[in-house]
Each structure stands twice: as structure tokens, then as C-alpha cells.
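Note: the block below is start-v9.cif and it holds mmCIF, C-alpha atoms.
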```cif
data_input
loop_
_atom_site.label_atom_id
_atom_site.label_comp_id
_atom_site.auth_asym_id
_atom_site.auth_seq_id
_atom_site.Cartn_x
_atom_site.Cartn_y
_atom_site.Cartn_z
CA MET A 106 -22.71 -4.42 -22.36
CA ASP A 107 -25.72 -4.45 -20.04
CA LEU A 108 -24.72 -6.87 -17.27
CA ASN A 109 -28.34 -7.18 -16.12
CA ALA A 110 -29.17 -8.55 -19.57
CA VAL A 111 -26.17 -10.89 -19.39
CA ARG A 112 -27.28 -12.07 -15.94
CA THR A 113 -30.78 -12.70 -17.29
CA PHE A 114 -29.40 -14.72 -20.22
CA VAL A 115 -27.37 -16.92 -17.86
CA ALA A 116 -30.43 -17.41 -15.62
CA VAL A 117 -32.53 -18.55 -18.59
CA ALA A 118 -29.76 -20.84 -19.82
CA ASP A 119 -29.46 -22.42 -16.36
CA ALA A 120 -33.21 -22.70 -15.77
CA GLY A 121 -34.08 -23.85 -19.29
CA GLN A 122 -37.26 -21.75 -19.09
CA PHE A 123 -38.12 -18.07 -19.31
CA GLN A 124 -40.80 -18.46 -16.64
CA LYS A 125 -38.52 -20.15 -14.07
CA ALA A 126 -35.75 -17.61 -14.73
CA ALA A 127 -38.26 -14.81 -14.14
CA VAL A 128 -39.16 -16.31 -10.76
CA ASP A 129 -35.49 -16.72 -9.82
CA LEU A 130 -34.73 -13.10 -10.78
CA GLU A 131 -37.95 -11.75 -9.25
CA LEU A 132 -38.97 -10.26 -12.60
CA THR A 133 -41.97 -10.65 -14.86
CA GLN A 134 -41.63 -13.03 -17.77
CA GLN A 135 -42.13 -10.06 -20.11
CA ALA A 136 -39.16 -8.23 -18.52
CA VAL A 137 -36.99 -11.31 -18.99
CA SER A 138 -37.98 -11.54 -22.66
CA LYS A 139 -37.23 -7.84 -23.22
CA ARG A 140 -33.78 -8.14 -21.68
CA ILE A 141 -32.91 -11.16 -23.81
CA ALA A 142 -34.19 -9.43 -26.94
CA ALA A 143 -32.10 -6.31 -26.18
CA LEU A 144 -28.98 -8.42 -25.66
CA GLU A 145 -29.55 -10.27 -28.92
CA ARG A 146 -29.99 -6.98 -30.78
CA GLU A 147 -26.73 -5.68 -29.32
CA LEU A 148 -24.85 -8.83 -30.31
CA GLY A 149 -26.61 -9.25 -33.64
CA VAL A 150 -27.31 -12.96 -33.10
CA ARG A 151 -30.01 -15.21 -31.69
CA LEU A 152 -28.95 -16.64 -28.32
CA LEU A 153 -32.07 -18.58 -27.30
CA THR A 154 -34.87 -20.30 -29.09
CA ARG A 155 -38.24 -21.20 -27.61
CA ALA A 156 -39.05 -24.89 -27.64
CA PRO A 157 -41.91 -27.02 -26.31
CA ARG A 158 -39.82 -27.86 -23.25
CA GLY A 159 -38.71 -24.29 -22.60
CA ALA A 160 -35.74 -22.31 -23.88
CA GLU A 161 -32.79 -23.82 -25.73
CA LEU A 162 -29.40 -22.31 -26.48
CA SER A 163 -28.60 -21.61 -30.10
CA ILE A 164 -25.11 -22.34 -31.40
CA ASP A 165 -24.23 -18.70 -30.77
CA GLY A 166 -25.80 -18.95 -27.32
CA GLN A 167 -23.63 -21.95 -26.50
CA ALA A 168 -20.54 -20.03 -27.62
CA PHE A 169 -21.55 -16.93 -25.62
CA LEU A 170 -22.48 -18.67 -22.34
CA PRO A 171 -18.95 -19.25 -20.89
CA HIS A 172 -18.03 -15.64 -21.69
CA ALA A 173 -21.25 -14.43 -20.06
CA ARG A 174 -20.35 -16.33 -16.89
CA ALA A 175 -16.85 -14.79 -16.98
CA LEU A 176 -18.37 -11.30 -17.27
CA LEU A 177 -20.54 -11.85 -14.21
CA LEU A 178 -17.58 -13.26 -12.25
CA ALA A 179 -15.51 -10.22 -13.21
CA GLU A 180 -18.32 -7.96 -12.02
CA GLU A 181 -18.41 -9.78 -8.68
CA ARG A 182 -14.65 -9.55 -8.24
CA ALA A 183 -14.61 -5.86 -9.19
CA ALA A 184 -17.24 -5.07 -6.57
CA ALA A 185 -15.45 -7.14 -3.92
CA ALA A 186 -12.22 -5.26 -4.64
CA VAL A 187 -13.71 -1.99 -3.38
CA ARG A 188 -16.46 -3.04 -0.98
CA PRO A 189 -15.45 -2.55 2.70
CA GLY A 190 -15.63 -5.77 4.65
CA SER A 191 -15.33 -7.96 1.56
CA ARG A 192 -12.45 -6.36 -0.33
CA ALA A 193 -8.78 -6.97 0.45
CA LEU A 194 -7.25 -5.20 3.45
CA ARG A 195 -5.87 -1.99 1.89
CA VAL A 196 -2.75 -0.55 3.55
CA ASP A 197 -0.85 2.59 2.58
CA VAL A 198 2.95 2.80 2.89
CA ILE A 199 5.19 5.76 2.05
CA GLY A 200 7.29 3.49 -0.18
CA ARG A 201 7.16 -0.10 -1.34
CA ARG A 202 10.86 -0.58 -0.62
CA ILE A 203 10.88 0.53 3.02
CA SER A 204 11.34 -2.06 5.75
CA LEU A 205 7.68 -1.83 6.80
CA ALA A 206 6.72 -3.07 3.37
CA GLY A 207 8.82 -6.08 4.33
CA ALA A 208 6.79 -6.36 7.53
CA LEU A 209 3.64 -6.44 5.42
CA ARG A 210 5.13 -9.21 3.31
CA ALA A 211 5.84 -11.13 6.51
CA PHE A 212 2.23 -10.58 7.59
CA HIS A 213 1.06 -11.94 4.23
CA ARG A 214 3.30 -15.00 4.60
CA ASP A 215 1.91 -15.65 8.09
CA ARG A 216 -1.71 -15.03 7.08
CA PRO A 217 -1.95 -15.93 3.36
CA GLU A 218 -5.71 -16.34 3.66
CA ILE A 219 -6.08 -12.56 4.18
CA PRO A 220 -6.10 -10.69 0.83
CA LEU A 221 -3.86 -7.62 0.99
CA ASP A 222 -3.61 -4.52 -1.21
CA VAL A 223 -0.62 -2.19 -0.75
CA VAL A 224 -0.94 1.38 -2.03
CA THR A 225 1.24 4.50 -1.81
CA LEU A 226 -0.34 7.89 -1.16
CA SER A 227 1.48 11.21 -1.24
CA GLY A 228 1.78 12.63 2.25
CA ALA A 229 0.12 12.16 5.62
CA GLU A 230 -2.82 14.49 4.92
CA ALA A 231 -3.89 12.44 1.88
CA ALA A 232 -3.52 9.24 3.89
CA VAL A 233 -5.64 10.54 6.78
CA ALA A 234 -8.32 11.72 4.34
CA ALA A 235 -8.37 8.22 2.80
CA LEU A 236 -8.76 6.68 6.27
CA ARG A 237 -11.70 8.96 6.99
CA ASP A 238 -13.55 8.15 3.76
CA GLY A 239 -12.82 4.42 4.05
CA SER A 240 -10.83 4.04 0.83
CA ILE A 241 -7.91 2.61 2.83
CA ASP A 242 -7.95 0.64 6.08
CA ALA A 243 -4.58 1.59 7.56
CA THR A 244 -1.48 3.66 6.85
CA PHE A 245 2.07 3.92 8.14
CA ARG A 246 3.11 7.50 8.90
CA ALA A 247 5.25 9.68 11.15
CA VAL A 248 2.13 11.27 12.54
CA THR A 249 3.48 13.95 14.85
CA MET A 250 5.11 16.10 12.18
CA PRO A 251 4.90 19.86 12.91
CA GLY A 252 1.47 21.37 12.33
CA MET A 253 -0.31 18.04 12.04
CA ARG A 254 -3.30 17.28 14.24
CA LEU A 255 -5.11 13.98 13.85
CA PRO A 256 -8.91 13.92 13.82
CA ASP A 257 -10.42 12.39 16.96
CA GLU A 258 -11.68 9.33 15.09
CA ILE A 259 -8.18 8.36 13.87
CA GLU A 260 -6.29 5.99 16.16
CA THR A 261 -2.51 5.62 16.11
CA GLU A 262 0.07 3.25 17.56
CA PRO A 263 3.89 3.32 17.14
CA VAL A 264 4.95 0.09 15.43
CA LEU A 265 8.57 0.50 14.32
CA ASP A 266 11.51 2.80 14.97
CA GLU A 267 13.48 2.09 11.80
CA PRO A 268 17.24 2.63 12.22
CA LEU A 269 18.90 4.64 9.47
CA HIS A 270 22.29 3.72 8.01
CA LEU A 271 24.57 5.65 5.68
CA PHE A 272 24.40 4.20 2.16
CA THR A 273 27.54 4.80 0.08
CA GLY A 274 29.55 3.58 -2.85
CA PRO A 275 32.96 1.90 -2.32
CA ASP A 276 34.97 5.12 -2.83
CA HIS A 277 33.20 7.22 -0.22
CA GLU A 278 35.26 8.41 2.77
CA PHE A 279 33.11 6.42 5.22
CA ALA A 280 32.68 3.28 3.09
CA GLY A 281 35.21 1.24 5.06
CA ARG A 282 34.06 2.30 8.54
CA PRO A 283 32.30 -0.18 10.87
CA SER A 284 30.15 2.76 12.04
CA VAL A 285 30.09 6.56 11.89
CA PRO A 286 29.15 9.06 14.61
CA LEU A 287 26.22 11.09 13.35
CA ALA A 288 28.01 14.39 14.04
CA GLN A 289 30.80 13.44 11.61
CA LEU A 290 28.37 13.70 8.69
CA ALA A 291 28.36 17.50 9.03
CA GLY A 292 29.66 18.99 5.79
CA HIS A 293 29.05 15.82 3.77
CA ARG A 294 26.34 15.73 1.06
CA ILE A 295 23.39 13.48 1.78
CA TRP A 296 21.46 13.14 -1.47
CA MET A 297 17.69 12.58 -1.13
CA PRO A 298 15.92 13.76 -4.32
CA GLY A 299 12.67 12.07 -3.18
CA ASN A 300 12.19 14.51 -0.30
CA ALA A 301 9.04 16.41 -1.27
CA PRO A 302 8.04 19.63 0.55
CA GLY A 303 5.20 19.19 3.04
CA THR A 304 5.67 15.45 3.59
CA GLU A 305 6.36 13.92 6.96
CA TRP A 306 9.61 12.29 5.80
CA THR A 307 10.95 15.66 4.62
CA ALA A 308 10.00 17.18 8.01
CA TYR A 309 11.97 14.36 9.65
CA TYR A 310 15.12 14.92 7.60
CA ASP A 311 14.87 18.71 7.98
CA ALA A 312 14.90 18.23 11.76
CA LEU A 313 17.83 15.81 11.52
CA ALA A 314 19.82 18.27 9.39
CA ALA A 315 19.07 21.14 11.77
CA ASP A 316 20.13 19.20 14.89
CA PHE A 317 23.42 17.89 13.47
CA GLY A 318 24.42 20.44 10.82
CA LEU A 319 23.91 18.04 7.92
CA THR A 320 23.65 19.05 4.28
CA ILE A 321 20.70 17.20 2.76
CA ASP A 322 20.57 17.79 -0.99
CA THR A 323 17.11 17.37 -2.55
CA ILE A 324 18.10 18.49 -6.05
CA GLY A 325 16.26 16.34 -8.58
CA PRO A 326 14.74 15.17 -10.67
CA ASN A 327 13.88 12.03 -8.75
CA TRP A 328 14.43 9.19 -11.20
CA GLY A 329 13.77 6.49 -8.63
CA VAL A 330 15.90 4.27 -6.43
CA GLU A 331 17.76 2.55 -9.30
CA ALA A 332 19.10 5.89 -10.56
CA LEU A 333 19.96 6.88 -6.99
CA ILE A 334 22.01 3.71 -6.49
CA ASP A 335 23.72 4.15 -9.85
CA THR A 336 24.81 7.71 -9.03
CA ILE A 337 25.97 6.98 -5.48
CA ALA A 338 27.88 3.87 -6.58
CA SER A 339 30.27 5.94 -8.70
CA SER A 340 30.56 8.91 -6.32
CA SER A 341 33.18 9.55 -3.64
CA THR A 342 31.15 12.37 -2.04
CA LEU A 343 27.44 11.48 -2.30
CA ALA A 344 25.62 9.26 0.19
CA THR A 345 22.05 8.78 1.36
CA PHE A 346 20.14 7.26 4.27
CA LEU A 347 18.55 3.80 4.13
CA GLY A 348 17.16 1.33 6.59
CA PRO A 349 19.25 -1.86 6.89
CA GLN A 350 16.21 -4.01 6.10
CA THR A 351 15.20 -2.04 3.01
CA PRO A 352 14.90 -4.65 0.24
CA LEU A 353 17.24 -3.32 -2.47
CA VAL A 354 19.15 -5.07 -5.23
CA TRP A 355 22.02 -3.51 -7.15
CA PRO A 356 24.19 -4.78 -10.02
CA ALA A 357 27.14 -7.05 -9.32
CA GLY A 358 30.36 -5.11 -8.89
CA TYR A 359 28.78 -2.01 -7.36
CA ASP A 360 30.05 -2.95 -3.88
CA MET A 361 27.58 -0.70 -2.07
CA ARG A 362 27.97 -0.14 1.67
CA LEU A 363 25.49 0.29 4.53
CA VAL A 364 27.31 1.91 7.44
CA PRO A 365 25.58 2.07 10.87
CA LEU A 366 25.25 5.51 12.48
CA ARG A 367 25.78 6.09 16.21
CA ASP A 368 26.09 8.60 19.05
CA PRO A 369 23.08 8.82 18.62
CA ALA A 370 21.58 6.41 16.09
CA PRO A 371 18.81 8.11 14.10
CA VAL A 372 15.55 6.16 13.87
CA TYR A 373 12.50 6.89 11.75
CA PRO A 374 9.29 6.65 13.86
CA HIS A 375 6.70 4.66 11.90
CA SER A 376 3.20 4.52 13.37
CA LEU A 377 0.10 2.65 12.25
CA LEU A 378 -3.03 4.78 11.76
CA TRP A 379 -6.59 3.52 11.34
CA HIS A 380 -10.15 4.75 11.73
CA ARG A 381 -11.65 3.60 15.03
CA ASP A 382 -14.89 2.60 13.25
CA ASN A 383 -13.20 0.71 10.42
CA PRO A 384 -15.20 -2.50 9.87
CA HIS A 385 -12.60 -4.57 8.03
CA PRO A 386 -12.27 -7.92 9.82
CA ALA A 387 -8.54 -8.28 9.02
CA LEU A 388 -7.44 -5.00 10.62
CA ALA A 389 -7.14 -6.54 14.10
CA ALA A 390 -4.97 -9.34 12.70
CA LEU A 391 -2.60 -6.79 11.14
CA ARG A 392 -2.34 -4.85 14.40
CA ALA A 393 -1.60 -8.03 16.34
CA HIS A 394 1.13 -8.98 13.89
CA LEU A 395 2.77 -5.55 14.00
CA ALA A 396 2.82 -5.63 17.79
CA THR A 397 5.52 -8.30 17.47
CA VAL A 398 7.73 -6.14 15.21
CA GLN A 399 8.79 -3.77 17.98
CA PRO A 400 7.22 -4.58 21.37
CA ASP A 401 9.09 -1.85 23.25
CA ARG A 402 10.25 1.62 22.26
CA ASP A 403 13.87 2.24 23.27
CA GLU A 404 14.73 5.90 23.75
CA THR A 405 18.34 5.22 24.85
CA GLY A 406 21.08 6.11 22.36
CA THR A 407 18.69 6.99 19.57
CA TRP A 408 17.55 10.20 17.94
CA ARG A 409 14.07 11.26 16.86
CA PRO A 410 12.79 14.76 16.10
CA ALA A 411 11.41 16.61 19.12
CA TRP A 412 7.93 16.22 17.66
CA ALA A 413 8.32 12.42 17.58
CA ARG A 414 9.54 11.93 21.16
CA ARG A 415 6.41 10.64 22.81
CA PRO A 416 5.37 7.62 24.87
CA ARG A 417 4.16 4.53 23.11
CA GLY A 418 0.39 4.62 22.55
CA SER A 419 -0.04 8.40 22.89
CA ARG A 420 -1.87 10.37 20.21
CA GLY A 421 -0.24 12.72 17.72
#
```
Could you take the file, read its structure, and then write that structure out as C-alpha cells?
Amino acid sequence: MDLNAVRTFVAVADAGQFQKAAVDLELTQQAVSKRIAALERELGVRLLTRAPRGAELSIDGQAFLPHARALLLAEERAAAAVRPGSRALRVDVIGRRISLAGALRAFHRDRPEIPLDVVTLSGAEAAVAALRDGSIDATFRAVTMPGMRLPDEIETEPVLDEPLHLFTGPDHEFAGRPSVPLAQLAGHRIWMPGNAPGTEWTAYYDALAADFGLTIDTIGPNWGVEALIDTIASSSTLATFLGPQTPLVWPAGYDMRLVPLRDPAPVYPHSLLWHRDNPHPALAALRAHLATVQPDRDETGTWRPAWARRPRGSRG
């Protein structure tokens, strides 16, 4: 349906006159009449009738008017959803269940007046490309993965070193431990079917496996986190890595365990990336909120890949 014709119909209905609607729309009266006639032909009904006092709605016109207003409102909302500066703040995360997604929920609770869209893109390169073309406003990534060089216009700031715990079922060898030294995981299967080649999270776990002799099994298919939990719950040998604040729910009776790792404790280095010329007014509010998540970066007793060991605020 031609929304310009719909807009013209609503203008005539509100003005009560073709001539006044033409002035309001900055059109000629003839153009207004043609648009109304085209809309009536498309619908197969008469919407307006000319009267001595102007234009009057027919019965069909009265029935169509609220729907016409809804169409124009939908058009306005659709445009606002993608227009920089007026659309919601659009943030990319590598997964909706990671702890930083929880940080975004906390930001939304603190600032409910700021509309927020959360999206998930595949890999850092796709996320950086989206930052450059303005289709997203910010992304969370481990930006110093091997071979990655950020464009000069992309800014980055470390925001969270997420500790990793061992996630097991009740029959696993380490299920009853208060903590496990990282080196003791050598020879045990860590199952991570979501590790895709070329992604920054796979580069992270490859470095972790190389430094500590771990066996990280990426055999799929990846059926999602529910299937992962279901398999690990009944296994005495499989485990995976999760952050302790990852919002997961599993069925009653599964008795899943999150066991802290130590000597050293592995942490995943999340950074916020944004385009330095991004015009979205809510981006500064997000950065200010995230600054409270992890004010200082503690290097003592923790492990990061060599490519992620950098001072806070430095570029990747």
C-alpha cells in the first residue's frame, strides 16, 4: 500500500478539506485528489465524499481511518528502529547468556528510559565491520586475538575480565572439589562444541589449551546450551567452562556444579569497542555504566593469553 496516499487520506480526514490538506502537505490540490483516487481504486471503496463544507468520511472511510493511522505509526517506528540517533542503542554480544549480557540487563534496569537492542554477530571481524558502517553502536570482544588489527577509528576499552569456572555434572571427578588447580585439568575432556574456527573465543581457548596441556573437544554439532547441559549432567568425564555469573537454568535434579579454577585463575578479557564518531546519545551512558563493572584490571593470580596481556586503555 502506498503510504504517501495513506498519509494524504489521513491529512484530508483531519483537515476536513482537500485544499487545507494540500497546504499542510505542501502539495497541489490536484495531487491530493489523485492520491486519494488511487488509494480508493486500490481498496475498491469510496473513502471520502465532497460536501459543501469540504470532505466527509464515508462509512468505509470511517472504518479505514484508525487502521491508516496505525500504518503511519508503524512506518514511523520502523524508521526509528534503524535511524542512528533516534533508534535504540544497538549492542553486539558474543552470546546472550554470557555475564556481560547480564551487565547490559543491569544497565537497562538503571536506565530504563534508554531503548536497547541486543544482537549477536559471528566473530570480531563482522562486529568491527558493523561498527564502521554504523549498523551497531558497540560490541564486546576480545580484540587482541592473533592477526587482528583494529582500524584507527575504532576505540576500545577493557570492561570485564570474566573468571572461568569448571562446569560439571555430579559424577565428575572434580564435582565435589571447592576449587581445582588449572594444571590438573590436563588430560580431562573439556567439551565446547560452540568453538568456531576463526573466532576470538576459539583463539582464547586454543591458547589456554596450549599453555596448560588441556584437551578441548569441539566435536559437534552444536545443539545449544540446553543440550550441552543435558549431556554434561549425565557424564562422569565431560566438563566445560562457564562464567559464574552466566545466567543458566537447568532441570531440577541435575545437581550441576561450578568449580572455581586457580593457580592461575583463567579470565576472559572482554572489551567494549565503538566508533569514535558514533553519534548515538546513549553510548556515553553505557560506557559510564560499564566503568563500574570492573574499575581496575588485576593481573595477579590470573591467566590471559599473551595477546591479551596489555594495560587498561591500550589499543589492540
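In this comparison, which uses only C-alpha atoms, the residue of A:Ala110, A:Ala232, A:Leu290, A:Leu176 approaching Leu148 in chain A most closely is A:Ala110.
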### Task
Report as an NGL selection string the full result of the PyMOL selection byres ((chain A and resi 348-362) around 10) when it is applied to this structure.
:A and (201-208 or 267-277 or 279-282 or 330-331 or 334-335 or 337-339 or 344 or 346-347 or 363-365 or 372-373)
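Residues surrounding range 134-147 of chain A within 8 Å are Asp107, Asn109, Ala110, Val111, Thr113, Phe114, Phe123, Gln124, Ala126, Ala127, Leu132, Gly149, Val150, Arg151 and Leu152 of chain A [all atoms listed in the file; sequence separation below 2 positions excluded].
A straight line drawn from CA of Ser284 in chain A to CA of Leu366 in chain A is 5.6 Å long.
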### Message
What would the selection look like, as a ChimeraX atom specification, if the PyMOL selection byres ((chain A and resi 305) around 12) were run on the coordinates I just shared?
### Response
/A:199,227-232,245-253,300-304,306-312,373-376,410,412-413
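The gap separating CA of Val223 in chain A from CA of Glu262 in chain A is 19.1 Å, in Å to one decimal.
Picture a line from CA of Thr407 in chain A to CA of Pro371 in chain A; it runs 5.6 Å.
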Counting all atoms listed in the file, give me one row per residue of range 209-289 of chain A with an atom at most 9 Å from an atom of range 380-389 of chain A, showing the shortest contact pair and its distance in Å to one decimal, sorted by chain then residue number, as a Markdown table.
```
| residue | atom | partner | partner_atom | distance |
| --- | --- | --- | --- | --- |
| A:Ile219 | CA | A:Ala387 | CA | 6.9 |
| A:Pro220 | CA | A:Ala387 | CA | 8.9 |
| A:Val233 | CA | A:His380 | CA | 8.9 |
| A:Leu236 | CA | A:His380 | CA | 6.0 |
| A:Arg237 | CA | A:His380 | CA | 6.5 |
| A:Gly239 | CA | A:Asn383 | CA | 7.4 |
| A:Asp242 | CA | A:Asn383 | CA | 6.8 |
| A:Ala243 | CA | A:His380 | CA | 7.6 |
| A:Glu258 | CA | A:Arg381 | CA | 5.7 |
| A:Ile259 | CA | A:His380 | CA | 4.6 |
| A:Glu260 | CA | A:Arg381 | CA | 6.0 |
| A:Thr261 | CA | A:His380 | CA | 8.8 |
```
### Task
Find the residues around Thr320 in chain A up to 12 Å (all atoms listed in the file counted), leave out those fewer than 3 positions away in its own chain, and share them as a PyMOL selection string.
chain A and resi 288-297+310-317+323-324+342-345
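Among A:Asp222, A:Gly121, A:Pro263, A:Ser340, the residue with the shortest atom-to-atom distance to Pro157 in chain A, counting all atoms listed in the file, is A:Gly121.
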### Message
Under the rule that all atoms listed in the file are counted, which of A:Leu226, A:Val196, A:Leu178, A:Val117 is the nearest residue to Arg155 in chain A?
### Response
A:Val117
